[in-house]
$ cat my_file.cif   # mmCIF, C-alpha atoms
data_model
#
loop_
_atom_site.group_PDB
_atom_site.id
_atom_site.type_symbol
_atom_site.label_atom_id
_atom_site.label_comp_id
_atom_site.auth_asym_id
_atom_site.auth_seq_id
_atom_site.Cartn_x
_atom_site.Cartn_y
_atom_site.Cartn_z
ATOM 1 C CA MET A 1 7.520 -18.468 -15.979
ATOM 2 C CA ALA A 2 4.485 -17.424 -13.954
ATOM 3 C CA LEU A 3 4.723 -14.441 -11.644
ATOM 4 C CA VAL A 4 4.021 -15.057 -7.935
ATOM 5 C CA TYR A 5 3.428 -12.166 -5.578
ATOM 6 C CA LEU A 6 5.294 -12.113 -2.286
ATOM 7 C CA ASP A 7 4.312 -10.522 1.021
ATOM 8 C CA SER A 8 3.105 -7.399 -0.771
ATOM 9 C CA ASP A 9 0.432 -9.338 -2.711
ATOM 10 C CA PRO A 10 -2.796 -7.303 -2.392
ATOM 11 C CA TRP A 11 -4.883 -10.486 -2.692
ATOM 12 C CA LEU A 12 -3.336 -11.895 0.475
ATOM 13 C CA THR A 13 -3.914 -8.593 2.264
ATOM 14 C CA GLU A 14 -7.596 -8.619 1.300
ATOM 15 C CA HIS A 15 -7.870 -12.266 2.376
ATOM 16 C CA GLU A 16 -6.540 -11.379 5.824
ATOM 17 C CA ALA A 17 -9.037 -8.507 5.994
ATOM 18 C CA CYS A 18 -11.877 -10.961 5.232
ATOM 19 C CA GLU A 19 -10.746 -13.288 7.997
ATOM 20 C CA LYS A 20 -10.553 -10.368 10.398
ATOM 21 C CA LEU A 21 -14.059 -9.258 9.398
ATOM 22 C CA PHE A 22 -15.333 -12.810 9.988
ATOM 23 C CA ARG A 23 -13.926 -12.832 13.515
ATOM 24 C CA GLU A 24 -15.501 -9.437 14.237
ATOM 25 C CA ILE A 25 -18.910 -10.635 13.021
ATOM 26 C CA MET A 26 -18.655 -13.767 15.169
ATOM 27 C CA GLU A 27 -17.853 -11.625 18.189
ATOM 28 C CA GLN A 28 -20.877 -9.416 17.491
ATOM 29 C CA ILE A 29 -23.134 -12.457 17.143
ATOM 30 C CA THR A 30 -21.832 -13.767 20.475
ATOM 31 C CA VAL A 31 -22.488 -10.406 22.136
ATOM 32 C CA ARG A 32 -25.958 -10.223 20.579
ATOM 33 C CA SER A 33 -26.857 -13.656 21.941
ATOM 34 C CA ARG A 34 -26.539 -12.239 25.469
ATOM 35 C CA GLU A 35 -29.016 -9.424 24.783
ATOM 36 C CA GLN A 36 -32.794 -9.502 24.935
ATOM 37 C CA LYS A 37 -34.496 -9.653 21.564
ATOM 38 C CA THR A 38 -36.636 -6.597 22.350
ATOM 39 C CA SER A 39 -33.746 -4.457 23.578
ATOM 40 C CA GLN A 40 -32.270 -1.581 21.639
ATOM 41 C CA ALA A 41 -28.782 -3.087 21.952
ATOM 42 C CA TYR A 42 -30.028 -6.226 20.196
ATOM 43 C CA ALA A 43 -31.501 -4.151 17.349
ATOM 44 C CA ARG A 44 -28.293 -2.152 16.941
ATOM 45 C CA LEU A 45 -26.172 -5.277 16.883
ATOM 46 C CA SER A 46 -28.492 -6.956 14.383
ATOM 47 C CA SER A 47 -28.277 -3.971 12.057
ATOM 48 C CA SER A 48 -24.484 -3.850 12.338
ATOM 49 C CA ILE A 49 -24.213 -7.605 11.754
ATOM 50 C CA ARG A 50 -26.386 -7.420 8.628
ATOM 51 C CA LEU A 51 -24.261 -4.623 7.235
ATOM 52 C CA ARG A 52 -21.007 -6.427 8.007
ATOM 53 C CA MET A 53 -22.307 -9.685 6.526
ATOM 54 C CA LYS A 54 -23.102 -7.887 3.269
ATOM 55 C CA GLN A 55 -19.614 -6.388 3.316
ATOM 56 C CA TYR A 56 -18.122 -9.822 4.003
ATOM 57 C CA SER A 57 -20.062 -11.390 1.119
ATOM 58 C CA SER A 58 -18.961 -8.603 -1.235
ATOM 59 C CA GLU A 59 -15.307 -8.925 -0.251
ATOM 60 C CA VAL A 60 -15.345 -12.718 -0.664
ATOM 61 C CA GLN A 61 -16.845 -12.314 -4.141
ATOM 62 C CA GLN A 62 -14.163 -9.771 -5.017
ATOM 63 C CA LEU A 63 -11.474 -12.193 -3.876
ATOM 64 C CA LYS A 64 -13.009 -14.908 -6.031
ATOM 65 C CA ASP A 65 -13.171 -12.630 -9.094
ATOM 66 C CA LYS A 66 -9.586 -11.428 -8.646
ATOM 67 C CA LEU A 67 -8.403 -15.007 -8.268
ATOM 68 C CA SER A 68 -10.160 -15.937 -11.519
ATOM 69 C CA GLN A 69 -8.481 -13.028 -13.310
ATOM 70 C CA ALA A 70 -5.077 -13.949 -11.866
ATOM 71 C CA SER A 71 -5.504 -17.584 -12.923
ATOM 72 C CA ALA A 72 -6.574 -16.574 -16.429
ATOM 73 C CA SER A 73 -3.626 -14.190 -16.851
ATOM 74 C CA HIS A 74 -1.186 -16.720 -15.285
ATOM 75 C CA THR A 75 0.103 -14.200 -12.743
ATOM 76 C CA VAL A 76 0.100 -16.982 -10.121
ATOM 77 C CA THR A 77 1.220 -20.573 -10.376
ATOM 78 C CA PHE A 78 -1.251 -23.426 -10.694
ATOM 79 C CA GLN A 79 -0.463 -24.665 -7.183
ATOM 80 C CA GLU A 80 -0.950 -21.177 -5.712
ATOM 81 C CA ALA A 81 -4.247 -20.807 -7.566
ATOM 82 C CA GLU A 82 -5.469 -24.125 -6.136
ATOM 83 C CA ARG A 83 -4.434 -23.104 -2.625
ATOM 84 C CA ARG A 84 -6.224 -19.753 -2.916
ATOM 85 C CA THR A 85 -9.297 -21.460 -4.331
ATOM 86 C CA ARG A 86 -9.512 -23.606 -1.192
ATOM 87 C CA GLN A 87 -9.150 -20.471 0.928
ATOM 88 C CA VAL A 88 -12.033 -18.803 -0.933
ATOM 89 C CA GLU A 89 -14.187 -21.902 -0.478
ATOM 90 C CA LEU A 90 -13.441 -21.805 3.256
ATOM 91 C CA LEU A 91 -14.497 -18.152 3.376
ATOM 92 C CA GLN A 92 -17.729 -19.009 1.561
ATOM 93 C CA SER A 93 -18.479 -21.816 4.013
ATOM 94 C CA ARG A 94 -17.900 -19.367 6.857
ATOM 95 C CA GLU A 95 -20.351 -17.004 5.195
ATOM 96 C CA LYS A 96 -23.004 -19.717 5.295
ATOM 97 C CA GLN A 97 -22.107 -20.388 8.917
ATOM 98 C CA LEU A 98 -22.601 -16.724 9.794
ATOM 99 C CA GLN A 99 -25.930 -16.604 7.983
ATOM 100 C CA GLN A 100 -27.104 -19.721 9.785
ATOM 101 C CA LEU A 101 -26.074 -18.425 13.214
ATOM 102 C CA PHE A 102 -27.747 -15.094 12.507
ATOM 103 C CA ASN A 103 -30.985 -16.684 11.253
ATOM 104 C CA ASP A 104 -31.199 -19.340 13.989
ATOM 105 C CA ARG A 105 -31.596 -16.718 16.697
ATOM 106 C CA ASN A 106 -34.199 -14.848 14.687
ATOM 107 C CA THR A 107 -36.100 -18.069 13.907
ATOM 108 C CA THR A 108 -36.109 -19.081 17.573
ATOM 109 C CA TYR A 109 -37.428 -15.688 18.594
ATOM 110 C CA ASP A 110 -40.113 -15.681 15.896
ATOM 111 C CA ALA A 111 -41.323 -19.116 17.019
ATOM 112 C CA ASN A 112 -41.488 -18.002 20.648
ATOM 113 C CA ARG A 113 -43.291 -14.817 19.653
ATOM 114 C CA SER A 114 -45.864 -16.723 17.594
ATOM 115 C CA HIS A 115 -46.465 -19.042 20.520
ATOM 116 C CA LEU A 116 -46.969 -16.102 22.879
ATOM 117 C CA ILE A 117 -49.348 -14.418 20.445
ATOM 118 C CA GLN A 118 -51.401 -17.589 20.155
ATOM 119 C CA GLN A 119 -51.602 -17.867 23.931
ATOM 120 C CA SER A 120 -52.619 -14.242 24.205
ATOM 121 C CA GLY A 121 -55.278 -14.780 21.550
ATOM 122 C CA ALA A 122 -56.652 -17.749 23.451
ATOM 123 C CA VAL A 123 -56.827 -15.879 26.735
ATOM 124 C CA PHE A 124 -58.350 -12.753 25.196
ATOM 125 C CA ALA A 125 -60.553 -14.492 22.668
ATOM 126 C CA ASP A 126 -63.474 -12.214 23.523
ATOM 127 C CA ALA A 127 -61.470 -9.028 22.964
ATOM 128 C CA GLY A 128 -61.456 -8.625 19.218
ATOM 129 C CA THR A 129 -59.144 -5.651 19.163
ATOM 130 C CA THR A 130 -56.377 -7.207 21.249
ATOM 131 C CA GLY A 131 -54.611 -8.739 18.241
ATOM 132 C CA TRP A 132 -54.591 -5.387 16.479
ATOM 133 C CA GLY A 133 -52.909 -3.812 19.459
ATOM 134 C CA ILE A 134 -50.140 -6.409 19.343
ATOM 135 C CA ASP A 135 -49.650 -5.894 15.599
ATOM 136 C CA GLY A 136 -49.367 -2.174 16.177
ATOM 137 C CA ASP A 137 -46.664 -2.708 18.787
ATOM 138 C CA GLU A 138 -44.797 -5.010 16.421
ATOM 139 C CA ASP A 139 -45.003 -2.418 13.624
ATOM 140 C CA SER A 140 -43.643 0.214 15.973
ATOM 141 C CA ALA A 141 -40.785 -2.073 16.983
ATOM 142 C CA ILE A 142 -39.986 -2.803 13.327
ATOM 143 C CA GLN A 143 -40.065 0.877 12.452
ATOM 144 C CA GLN A 144 -37.831 1.643 15.441
ATOM 145 C CA THR A 145 -35.409 -1.073 14.329
ATOM 146 C CA GLN A 146 -35.342 0.291 10.786
ATOM 147 C CA HIS A 147 -34.782 3.793 12.114
ATOM 148 C CA MET A 148 -31.939 2.576 14.308
ATOM 149 C CA SER A 149 -30.463 0.698 11.362
ATOM 150 C CA VAL A 150 -30.310 3.879 9.313
ATOM 151 C CA ALA A 151 -28.791 5.723 12.262
ATOM 152 C CA ASP A 152 -26.200 3.002 12.745
ATOM 153 C CA LEU A 153 -25.441 3.106 9.042
ATOM 154 C CA ARG A 154 -24.927 6.845 9.192
ATOM 155 C CA GLN A 155 -22.698 6.498 12.241
ATOM 156 C CA GLN A 156 -20.641 3.862 10.515
ATOM 157 C CA GLN A 157 -20.352 5.998 7.410
ATOM 158 C CA GLN A 158 -19.293 8.915 9.602
ATOM 159 C CA ARG A 159 -16.676 6.744 11.278
ATOM 160 C CA MET A 160 -15.435 5.624 7.869
ATOM 161 C CA VAL A 161 -15.192 9.242 6.737
ATOM 162 C CA GLU A 162 -13.307 10.130 9.923
ATOM 163 C CA ASP A 163 -10.940 7.202 9.388
ATOM 164 C CA GLN A 164 -10.387 8.314 5.796
ATOM 165 C CA GLU A 165 -9.714 11.862 6.958
ATOM 166 C CA GLN A 166 -7.201 10.595 9.493
ATOM 167 C CA GLY A 167 -5.589 8.459 6.830
ATOM 168 C CA LEU A 168 -5.428 11.402 4.434
ATOM 169 C CA GLU A 169 -3.952 13.583 7.170
ATOM 170 C CA ALA A 170 -1.288 10.970 7.905
ATOM 171 C CA LEU A 171 -0.616 10.636 4.180
ATOM 172 C CA SER A 172 -0.324 14.423 3.912
ATOM 173 C CA LYS A 173 2.262 14.444 6.696
ATOM 174 C CA VAL A 174 4.207 11.692 4.973
ATOM 175 C CA ILE A 175 4.095 13.566 1.660
ATOM 176 C CA SER A 176 5.239 16.780 3.386
ATOM 177 C CA ARG A 177 8.110 14.903 4.969
ATOM 178 C CA GLN A 178 9.041 13.378 1.626
ATOM 179 C CA LYS A 179 8.906 16.847 0.072
ATOM 180 C CA GLU A 180 11.271 18.206 2.712
ATOM 181 C CA ILE A 181 13.653 15.299 2.137
ATOM 182 C CA ALA A 182 13.466 15.855 -1.633
ATOM 183 C CA GLU A 183 14.204 19.572 -1.206
ATOM 184 C CA THR A 184 17.172 18.756 1.050
ATOM 185 C CA ILE A 185 18.483 16.249 -1.477
ATOM 186 C CA GLY A 186 17.982 18.818 -4.259
ATOM 187 C CA SER A 187 19.954 21.442 -2.331
ATOM 188 C CA GLU A 188 22.736 18.947 -1.667
ATOM 189 C CA VAL A 189 22.812 17.963 -5.341
ATOM 190 C CA ASP A 190 23.067 21.637 -6.371
ATOM 191 C CA LEU A 191 25.941 22.147 -3.932
ATOM 192 C CA GLN A 192 27.729 19.063 -5.215
ATOM 193 C CA ASN A 193 27.201 20.254 -8.802
ATOM 194 C CA GLU A 194 28.817 23.599 -7.938
ATOM 195 C CA ILE A 195 31.767 21.803 -6.335
ATOM 196 C CA ILE A 196 32.130 19.578 -9.401
ATOM 197 C CA GLU A 197 31.980 22.598 -11.730
ATOM 198 C CA ASP A 198 34.695 24.387 -9.677
ATOM 199 C CA LEU A 199 36.819 21.250 -9.736
ATOM 200 C CA ALA A 200 36.339 20.951 -13.508
ATOM 201 C CA ASP A 201 37.441 24.586 -13.990
ATOM 202 C CA HIS A 202 40.474 23.991 -11.798
ATOM 203 C CA MET A 203 41.334 20.866 -13.780
ATOM 204 C CA ASP A 204 41.027 22.788 -17.059
ATOM 205 C CA ARG A 205 43.381 25.511 -15.800
ATOM 206 C CA THR A 206 45.843 22.922 -14.538
ATOM 207 C CA ASP A 207 45.723 21.063 -17.855
ATOM 208 C CA HIS A 208 46.358 24.311 -19.757
ATOM 209 C CA ARG A 209 49.356 25.110 -17.558
ATOM 210 C CA VAL A 210 50.737 21.598 -17.983
ATOM 211 C CA ARG A 211 50.464 21.913 -21.748
ATOM 212 C CA ASN A 212 52.270 25.259 -21.725
ATOM 213 C CA GLU A 213 55.060 23.884 -19.563
ATOM 214 C CA THR A 214 55.344 20.874 -21.846
ATOM 215 C CA ARG A 215 55.706 23.086 -24.918
ATOM 216 C CA GLN A 216 58.368 25.192 -23.178
ATOM 217 C CA VAL A 217 60.322 22.096 -22.183
ATOM 218 C CA THR A 218 60.114 20.845 -25.736
ATOM 219 C CA VAL A 219 61.465 24.141 -27.102
ATOM 220 C CA ILE A 220 64.303 24.206 -24.584
ATOM 221 C CA ASP A 221 65.148 20.606 -25.397
ATOM 222 C CA ARG A 222 65.297 21.430 -29.086
ATOM 223 C CA LYS A 223 67.532 24.444 -28.405
ATOM 224 C CA ASP A 224 69.886 22.330 -26.303
ATOM 225 C CA ARG A 225 70.218 19.781 -29.091
ATOM 226 C CA THR A 226 70.898 22.538 -31.715
ATOM 227 C CA CYS A 227 73.572 24.068 -29.464
ATOM 228 C CA TRP A 228 75.465 20.808 -29.249
ATOM 229 C CA TYR A 229 75.258 20.448 -32.997
ATOM 230 C CA TRP A 230 76.907 23.879 -33.482
ATOM 231 C CA VAL A 231 79.621 23.025 -30.990
ATOM 232 C CA VAL A 232 80.469 19.840 -32.897
ATOM 233 C CA ILE A 233 80.463 21.712 -36.213
ATOM 234 C CA ILE A 234 82.823 24.403 -34.876
ATOM 235 C CA LEU A 235 85.191 21.802 -33.460
ATOM 236 C CA LEU A 236 85.243 19.955 -36.764
ATOM 237 C CA PHE A 237 85.868 23.209 -38.620
ATOM 238 C CA ILE A 238 88.812 24.082 -36.339
ATOM 239 C CA THR A 239 90.230 20.587 -36.793
ATOM 240 C CA ILE A 240 90.061 20.930 -40.595
ATOM 241 C CA LEU A 241 91.852 24.272 -40.459
ATOM 242 C CA ILE A 242 94.634 22.905 -38.276
ATOM 243 C CA ILE A 243 95.164 19.944 -40.589
ATOM 244 C CA ALA A 244 95.165 22.225 -43.633
ATOM 245 C CA PHE A 245 97.873 24.565 -42.281
ATOM 246 C CA VAL A 246 100.023 21.788 -41.008
#

$ encode --input "my_file.cif" --output "structure tokens"
Amino acid sequence: MALVYLDSDPWLTEHEACEKLFREIMEQITVRSREQKTSQAYARLSSSIRLRMKQYSSEVQQLKDKLSQASASHTVTFQEAERRTRQVELLQSREKQLQQLFNDRNTTYDANRSHLIQQSGAVFADAGTTGWGIDGDEDSAIQQTQHMSVADLRQQQQRMVEDQEQGLEALSKVISRQKEIAETIGSEVDLQNEIIEDLADHMDRTDHRVRNETRQVTVIDRKDRTCWYWVVIILLFITILIIAFV
């Protein structure tokens, strides 16, 4: 019989995390669409979206690999494997949707920028160095975007480290609490063991006394029986003597 995980199935937990990440990326794309392409907010959002899209792609691939392993080892039923396969395919289609939404805005901006550059070139056809000036501004913007991407990456890594530290601190508190509970249980067990040992000693003494009393009763009973025997013998002896003299 195949084994099916219940609510504690880590695969389902990771699937929910992927769906949550998808919703967060969609929200960021929506927010980015309201910003100007040349603004710093737009560059920061673009960098964060790229990073989250890579994370989303990696997590979807991990889900797919884990599902393949589970199917091969028969740890899930065939029907459950089919259902999870459809869920993974839906996540992959959403990944393509995110990539398309992200690229459409960039493509639209690049087309508009090329059109503006061509118009500028036509107006300033006699100024041969004008195009170079524009290229220099674009290079500066790209470098600024790359710099901001690295900064955003560092900030995100710092936030992740802080979250991990908070998680470790919470885990430490839980472990300390469990240690206190274990020590309390240990003390209670020791006390109960002492009570049981005292009760066992008391039972041993009581058993010894009962045995002694039983032996004494047995001896007395035997003496009582012997006494009656002697009484009968004496009476018989007296009867014989009376008959003999008569």

$ atom_distance --input "my_file.cif" --atom1 "CA of Glu14 in chain A" --atom2 "CA of Glu59 in chain A"
7.9 Å

$ closest_residue --input "my_file.cif" --among "A:Arg154, A:Arg52, A:His15, A:Arg32" --to "Leu90 in chain A" --atoms "all atoms listed in the file"
A:His15

$ residues_near_point --input "my_file.cif" --point "(-11.8, -11.2, 8.7)" --cutoff "12 Å" --atoms "all atoms listed in the file" --output "ChimeraX atom specification"
/A:12-27,52-53,55-57,59-60,91,94-95

$ resolve_selection --input "my_file.cif" --expression "the PyMOL selection byres ((chain A and resi 88) around 9)" --output "list in words"
His15, Val60, Gln61, Leu63, Lys64, Arg83, Arg84, Thr85, Arg86, Gln87, Glu89, Leu90, Leu91, Gln92 and Ser93 of chain A

$ atom_distance --input "my_file.cif" --atom1 "CA of Leu101 in chain A" --atom2 "CA of Ile49 in chain A"
11.1 Å

$ atom_distance --input "my_file.cif" --atom1 "CA of Gln28 in chain A" --atom2 "CA of Arg50 in chain A"
10.6 Å

$ closest_residue --input "my_file.cif" --among "A:Val210, A:Ala41, A:Ile181, A:Val219" --to "Asp152 in chain A" --atoms "all atoms listed in the file"
A:Ala41

$ decode --input "my_file.cif" --residues "range 2-45 of chain A" --atoms "C-alpha atoms" --output "CSV table (one decimal), in the first residue's frame"
chain,number,residue,atom,x,y,z
A,2,ALA,CA,1.4,3.4,-1.0
A,3,LEU,CA,2.1,6.0,1.7
A,4,VAL,CA,0.2,9.3,1.4
A,5,TYR,CA,1.3,12.3,3.4
A,6,LEU,CA,-1.4,14.2,5.3
A,7,ASP,CA,-1.4,17.9,6.3
A,8,SER,CA,2.2,17.7,7.4
A,9,ASP,CA,3.4,16.8,3.9
A,10,PRO,CA,6.4,19.1,3.2
A,11,TRP,CA,5.7,19.0,-0.5
A,12,LEU,CA,2.3,20.7,0.0
A,13,THR,CA,3.9,23.2,2.3
A,14,GLU,CA,6.5,24.1,-0.4
A,15,HIS,CA,3.7,24.3,-3.0
A,16,GLU,CA,1.8,26.8,-0.9
A,17,ALA,CA,5.0,28.8,-0.5
A,18,CYS,CA,5.4,28.9,-4.3
A,19,GLU,CA,1.9,30.2,-4.7
A,20,LYS,CA,2.5,32.8,-2.1
A,21,LEU,CA,5.7,33.9,-3.9
A,22,PHE,CA,3.8,34.1,-7.2
A,23,ARG,CA,1.2,36.4,-5.7
A,24,GLU,CA,4.0,38.6,-4.2
A,25,ILE,CA,5.7,38.9,-7.6
A,26,MET,CA,2.5,39.8,-9.3
A,27,GLU,CA,1.9,42.5,-6.7
A,28,GLN,CA,5.4,43.9,-7.3
A,29,ILE,CA,4.9,43.9,-11.1
A,30,THR,CA,1.6,45.8,-10.6
A,31,VAL,CA,3.4,48.3,-8.3
A,32,ARG,CA,6.3,48.7,-10.8
A,33,SER,CA,3.8,49.4,-13.6
A,34,ARG,CA,2.8,52.6,-11.8
A,35,GLU,CA,6.4,53.9,-11.6
A,36,GLN,CA,8.4,55.7,-14.2
A,37,LYS,CA,11.0,53.6,-16.0
A,38,THR,CA,13.8,56.0,-15.2
A,39,SER,CA,13.0,56.2,-11.5
A,40,GLN,CA,15.0,54.6,-8.8
A,41,ALA,CA,11.9,52.9,-7.4
A,42,TYR,CA,11.4,51.2,-10.8
A,43,ALA,CA,15.0,50.0,-10.8
A,44,ARG,CA,14.7,48.6,-7.2
A,45,LEU,CA,11.5,46.8,-8.0
